[in-house]
Structure formats: structure tokens, C-alpha cells
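Note sheet for the following structure.
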Amino acid sequence: MGCYSQELRVALIGYGNVGKAFARLLFAKRGAYPFRIVGVHTKRHGTAYDTKGIGLQFSFGPPASSAAEFLDRSKPDVAIEITTLNPHTGEPAISHIQAAFERHLHVITANKGPIAYAYAGLRAEAQIAQVEFRFESTVMDGAPVFNTVRNNLPGVTIKGFTGVLNSTSKIVVGTMERGLSMAEGIREAQSLGVAEADAAYDIDGWDSAAKTAALANVLMDACVTPQGVQRHGIGQLTTDEAITAAKAGYTTLLVSRGERSGGTVRLQVKPEVVPQTDILATAKGTSNLLLFHTDLMGTIGTVSINPGVEQTAYGLFSDLVDVAKSV
Ligand SMILES: NC(=O)c1ccc[n+]([C@@H]2O[C@H](COP(=O)([O-])OP(=O)(O)OC[C@H]3O[C@@H](n4cnc5c(N)ncnc54)[C@H](OP(=O)(O)O)[C@@H]3O)[C@@H](O)[C@H]2O)c1
């Protein structure tokens, strides 16, 4: 049965693991949710258009010269930005999103770069263009984080947050606790498909810092970049230390913390040795956990057990349903 009569035309900038999972999800739910992919644009594979809707099997034509040209030609209602993360600047995803706003298109992204580096400016541009800007999948792969606060916590001030948000570091520490080296832990994380292309980005805490900055920018109006997060990675941890801690009932976690302090927001990422029974340590494997510290609701949280690309795709989908309700 149809839930939303609002038919939205969707254009995908980027068609990798997330884009393909998202296309599969839209196809599976097409009866109840009449969303149509009218264009797909990639860097190397080319560009595809079909105003009637692109199915799961299609051929790419020559690449559009730019995301702007792609959007002009595909004429969507919503641009979905799911290109590769640039951990140092957030570009060119920021420019892709700006091109969409200039055309008065709603934007949904799973790319945390723009939220970590340019959130306040992009939010202002979306308001000027009178369009929606959604990014649920940027932190915790589609588990409700931003939408929980937006939809379910009216009037609440987020005073701070505590999160274990990087799957690779958890896999690496777990491997070291079994007596193996950090390099072997990184290889295990890579074999599970959770490590970034350059695993140093995870180990040195940059991935956690980007997520911390994104959370602070959206939930605490922090206006920071990942460079503004006090950051220590797990690179100094030794196998002996990991084994000794584990034998004593402790584990090492790369913890993200945000806290209001006077007029500023203090942000940090650092390894913390916590009892294995600590709530932060209870989400095992690649699972993530985030606690919000609030003024009216005490501390509440979100847990995502072994999330994968299907959950990231669901985050995009939930944002799209929200956008459909708003238009
Ligand atoms: N994978 C996850 O579970 C997950 C979870 C949360 C968030 N994310 C975020 O979601 C985004 C997509 O992840 P993914 O795993 O799908 O990445 P991916 O498999 O590497 O795919 C990236 C796609 O972006 C395209 N692309 C790169 N630069 C481009 C440019 N300048 N213009 C147009 N297209 C460009 C690539 O084109 P080609 O195909 O031609 O190379 C490819 O289709 C990333 O920002 C990632 O951080 C992913």
C-alpha cells in the first residue's frame, strides 16, 4: 500500500557501495515509496540519465563535465551526495552540495566531510534556498542520531555527548587483546570492510574527530572542523598493554567526547581504558554507541549492532522519506 503519494526524482552523485545499496533499497520499497532515480553520476564510470527512472541494471554514458551539469540535465528534486570522503577538506562534496542548493534542490548526504568542515555555511545556504538538508548516515551509518534529536527531543539542549564511533579501532584493539599485532588488527578490519582506504585515518583518530566535529556542529552549534578536536589515536597501544588490560577485565576504546564549557564546546577523541562491563564497552565487534547528555532527558543513547552498508542506505532512505513529507 502506498504511504507517500509524493513522487520525488532523485539524482545520485556517487554510485559506489552506498549508492548501489541505496538503489536496491529504493527498488525493494518502490511500491510504498514512489521515489525515482533519474540520474547517476560518478567520477570514472560515467553518468547515466533516465527521466522514467533508472533500474538496477543500466549503462553509463560519458561523464558529465561537473556535478552542476549533471544536476541541470537530470532535473531531480533531491540530490544525494555519496562520493568518496575527503578527510582533509570535505571537498568536492561541499561544492556538489552548494551546486544543488543553487538549483533549489533538497540535499541528502552520507558524506561526513561537508558536515565536519562546512555545516553552518551549508545550513544557511539551504535555508536561503528554502530546501531540506539531511545527513543521518554521516554518523553511525543510518542509526537515528540527528533525527532522534530533531524529531523526538523538542526543547532539549544537548549538553554533551560520549561516543564509541570508530569500528576499525575496536577491531584492532580486539585483535591485539588476542595477542596479535596492530598491523594484523588493521588487516582484520580491512578484511571486514570497515577500515578507511588509509587505515591511519582510523588509527590516528581522524575518523572519530570528523564524527565528533559533525555531532558538535549539528547538535551543539559548535562551528568547528576536525582540526579543532583535541585528538589522540590508538597508535601507541602495544599488544602487551592490550593483553594486560584484558586479563584485568579492562579494554581500550577510542572515545569521542563533547562538552559545553562556559560559552564554548570542548571536543576530544582519545583512547580510554574502561572496565569491560562499562556501557561504552558493551557494543562489541563493529558496533557503535552514542550517548547524549541532555538538560531535560538526562542521558539517553543510540546503539547500532554491527552496522553495514545496508544501514547506511537506510539512513539515506529515512532522510528521503522525511524530505517527501516536507514538500
Ligand atoms: N560504506 C559505508 O558503509 C559508509 C557508511 C557511512 C558513510 N559512508 C560515506 O558514504 C560515501 C560513499 O561511500 P561508498 O562506500 O559508497 O564509497 P565508494 O564505494 O568508494 O564510492 C564512491 C563513489 O563516489 C564517486 N566519486 C568519487 N569522487 C567523485 C566526484 N568528484 N564526482 C562524482 N563522483 C565521484 C565514485 O566514482 P567511481 O565509481 O567512478 O569511482 C564512486 O561511485 C562516503 O563519503 C563514505 O564516507 C559510507
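Each chain of the C-alpha cells is named A, B, ... in the order shown, its residues numbered from 1; ligands are numbered from 1 in display order.
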**OP:** Could the residues that lie within 9 Å of ligand 1, counting only C-alpha atoms and all ligand atoms, be listed as a PyMOL selection string?
**Re:** chain A and resi 12-21+40-47+63+66-67+81-87+91-93+96+109-113+137-142+193-194+196-197+307-313
Taking C-alpha atoms for each residue, export the selection above as a CSV table (one decimal), in the first residue's frame.
chain,number,residue,atom,x,y,z
A,12,LEU,CA,22.9,10.2,-7.1
A,13,ILE,CA,26.3,11.9,-7.1
A,14,GLY,CA,28.5,8.9,-6.4
A,15,TYR,CA,27.5,5.3,-7.1
A,16,GLY,CA,29.8,3.0,-5.0
A,17,ASN,CA,28.9,0.6,-2.2
A,18,VAL,CA,26.4,3.0,-0.6
A,19,GLY,CA,24.8,4.2,-3.9
A,20,LYS,CA,24.2,0.6,-5.0
A,21,ALA,CA,22.7,-0.4,-1.6
A,40,VAL,CA,23.6,8.7,-11.6
A,41,HIS,CA,27.0,10.5,-11.8
A,42,THR,CA,30.4,9.0,-11.0
A,43,LYS,CA,34.0,10.1,-11.4
A,44,ARG,CA,35.4,7.3,-13.5
A,45,HIS,CA,32.4,5.1,-14.6
A,46,GLY,CA,30.5,7.9,-16.3
A,47,THR,CA,27.0,9.3,-16.0
A,63,PRO,CA,30.7,11.5,-17.7
A,66,SER,CA,30.6,18.6,-13.5
A,67,ALA,CA,28.1,17.8,-10.8
A,81,GLU,CA,25.8,13.3,-2.3
A,82,ILE,CA,27.6,10.0,-1.7
A,83,THR,CA,31.0,10.5,-3.2
A,84,THR,CA,34.3,9.4,-1.5
A,85,LEU,CA,35.1,11.1,1.7
A,86,ASN,CA,37.9,13.7,1.6
A,87,PRO,CA,39.0,13.7,5.2
A,91,GLU,CA,35.7,18.8,-1.0
A,92,PRO,CA,34.5,18.3,-3.7
A,93,ALA,CA,31.4,17.1,-1.8
A,96,HIS,CA,28.4,19.4,-5.1
A,109,THR,CA,24.3,13.1,2.1
A,110,ALA,CA,26.1,10.2,3.8
A,111,ASN,CA,29.4,12.0,3.4
A,112,LYS,CA,30.6,13.4,6.8
A,113,GLY,CA,33.2,15.7,5.2
A,137,SER,CA,24.1,8.4,7.7
A,138,THR,CA,27.1,10.6,8.3
A,139,VAL,CA,27.5,9.3,11.9
A,140,MET,CA,26.6,5.7,13.0
A,141,ASP,CA,25.6,4.5,9.5
A,142,GLY,CA,21.9,5.4,9.5
A,193,GLY,CA,35.4,-3.9,5.0
A,194,VAL,CA,35.2,-1.3,7.9
A,196,GLU,CA,39.1,3.5,5.6
A,197,ALA,CA,41.3,3.2,2.5
A,307,PRO,CA,26.1,-1.9,11.1
A,308,GLY,CA,26.8,-2.3,7.4
A,309,VAL,CA,26.2,-0.6,4.1
A,310,GLU,CA,22.5,-1.5,4.1
A,311,GLN,CA,22.1,0.6,7.3
A,312,THR,CA,23.9,3.5,5.7
A,313,ALA,CA,21.5,3.2,2.7
Original post:
Neighbours of Ile108 (chain A) within 8 Å (only C-alpha atoms; same-chain residues fewer than 6 positions away dropped), as a ChimeraX atom specification?
Top reply: /A:78-81,133-135,316,319-320
**OP:** From region 106-239 of chain A, collect each residue whose DSSP state is strand (DSSP E or B) and return the set as a list in words.
**Re:** His106, Val107, Ile108, Thr109, Phe133, Arg134, Ile158, Lys159, Gly160, Phe161, Thr162, Gly163, Val164, Gln230 and Arg231 of chain A
Original post:
DSSP says helix (DSSP H, G or I) for which residues of region 172-289 of chain A? Put them as a VMD selection string?
Top reply: chain A and resid 172 to 177 182 to 191 200 to 203 206 to 220 226 to 228 239 to 247 279 to 281
What lies within 8 Å of Thr212 (chain A) using only C-alpha atoms, ignoring chain neighbours under 6 positions off, as a PDB file with N, CA, C and O atoms, in the first residue's frame?
ATOM      1  N   PRO A 226      37.415  19.160  12.108  1.00  0.00           N
ATOM      2  CA  PRO A 226      38.108  18.067  12.831  1.00  0.00           C
ATOM      3  C   PRO A 226      39.427  18.524  13.448  1.00  0.00           C
ATOM      4  O   PRO A 226      39.847  17.989  14.485  1.00  0.00           O
ATOM      5  N   VAL A 229      39.321  19.461  17.160  1.00  0.00           N
ATOM      6  CA  VAL A 229      39.080  18.421  18.163  1.00  0.00           C
ATOM      7  C   VAL A 229      40.426  18.002  18.752  1.00  0.00           C
ATOM      8  O   VAL A 229      41.366  17.698  18.012  1.00  0.00           O
ATOM      9  N   SER A 256      34.961   9.368  21.815  1.00  0.00           N
ATOM     10  CA  SER A 256      34.690  10.759  21.414  1.00  0.00           C
ATOM     11  C   SER A 256      33.872  11.429  22.510  1.00  0.00           C
ATOM     12  O   SER A 256      32.866  10.864  22.959  1.00  0.00           O
ATOM     13  N   ARG A 257      34.308  12.621  22.911  1.00  0.00           N
ATOM     14  CA  ARG A 257      33.533  13.351  23.926  1.00  0.00           C
ATOM     15  C   ARG A 257      33.323  14.799  23.489  1.00  0.00           C
ATOM     16  O   ARG A 257      34.251  15.436  22.963  1.00  0.00           O
ATOM     17  N   GLY A 258      32.122  15.298  23.730  1.00  0.00           N
ATOM     18  CA  GLY A 258      31.810  16.710  23.523  1.00  0.00           C
ATOM     19  C   GLY A 258      31.170  17.242  24.782  1.00  0.00           C
ATOM     20  O   GLY A 258      30.379  16.541  25.429  1.00  0.00           O
ATOM     21  N   LEU A 267      35.923  19.531  22.712  1.00  0.00           N
ATOM     22  CA  LEU A 267      35.789  18.260  21.986  1.00  0.00           C
ATOM     23  C   LEU A 267      37.081  17.484  22.069  1.00  0.00           C
ATOM     24  O   LEU A 267      38.170  18.055  21.903  1.00  0.00           O
ATOM     25  N   GLN A 268      36.968  16.192  22.306  1.00  0.00           N
ATOM     26  CA  GLN A 268      38.189  15.392  22.338  1.00  0.00           C
ATOM     27  C   GLN A 268      37.926  13.968  21.854  1.00  0.00           C
ATOM     28  O   GLN A 268      36.813  13.443  21.961  1.00  0.00           O
ATOM     29  N   VAL A 269      38.975  13.378  21.316  1.00  0.00           N
ATOM     30  CA  VAL A 269      38.995  11.963  20.941  1.00  0.00           C
ATOM     31  C   VAL A 269      40.246  11.394  21.567  1.00  0.00           C
ATOM     32  O   VAL A 269      41.342  11.911  21.318  1.00  0.00           O
TER      33      VAL A 269
END
What lies within 9 Å of Ala183 (chain A) using only C-alpha atoms, ignoring chain neighbours under 4 positions off, as a short mmCIF file (atom, residue, chain, number, x, y, z; two decimals) with all heavy atoms, in the first residue's frame?
data_model
loop_
_atom_site.label_atom_id
_atom_site.label_comp_id
_atom_site.auth_asym_id
_atom_site.auth_seq_id
_atom_site.Cartn_x
_atom_site.Cartn_y
_atom_site.Cartn_z
N VAL A 172 40.76 -3.51 15.87
CA VAL A 172 42.22 -3.57 16.06
C VAL A 172 42.54 -3.91 17.52
O VAL A 172 43.35 -4.79 17.81
CB VAL A 172 42.87 -2.24 15.63
CG1 VAL A 172 44.32 -2.18 16.08
CG2 VAL A 172 42.75 -2.06 14.13
N ARG A 187 44.65 -5.36 9.32
CA ARG A 187 44.29 -6.27 8.21
C ARG A 187 42.93 -6.91 8.47
O ARG A 187 42.13 -7.08 7.55
CB ARG A 187 45.38 -7.33 8.02
CG ARG A 187 46.53 -6.81 7.16
CD ARG A 187 47.36 -7.95 6.60
NE ARG A 187 48.14 -8.64 7.61
CZ ARG A 187 49.29 -8.18 8.12
NH1 ARG A 187 49.79 -7.04 7.68
NH2 ARG A 187 49.93 -8.85 9.04
N GLU A 188 42.67 -7.27 9.74
CA GLU A 188 41.35 -7.86 10.05
C GLU A 188 40.23 -6.86 9.77
O GLU A 188 39.20 -7.19 9.18
CB GLU A 188 41.30 -8.33 11.51
CG GLU A 188 39.97 -8.97 11.84
CD GLU A 188 40.00 -9.86 13.07
OE1 GLU A 188 41.08 -10.36 13.41
OE2 GLU A 188 38.94 -10.04 13.67
#
Original post:
When distances are computed from only C-alpha atoms, which of A:Ser59, A:Thr157, A:Thr277, A:Thr251 shows the smallest separation from Asp295 (chain A)?
Top reply: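 Using only C-alpha atoms, the shortest distance to Asp295 (chain A) belongs to A:Thr157.
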**OP:** Please indicate the distance in Å from CA of His232 (chain A) to CA of Pro144 (chain A), rounded to one decimal place.
**Re:** 26.9 Å
Original post:
Using only C-alpha atoms, which of the listed residues (A:Thr286, A:Arg123, A:Val131, A:Leu254) sits closest to His104 (chain A)?
Top reply: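 Among the listed residues, A:Val131 lies closest to His104 (chain A).
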Subject >> From A:Glu125, A:Glu272, A:Glu69, A:Glu7, residue lying nearest Ile234 (chain A) [only C-alpha atoms] >> reply: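 Of A:Glu125, A:Glu272, A:Glu69, A:Glu7, the one nearest Ile234 (chain A) is A:Glu272, counting only C-alpha atoms.
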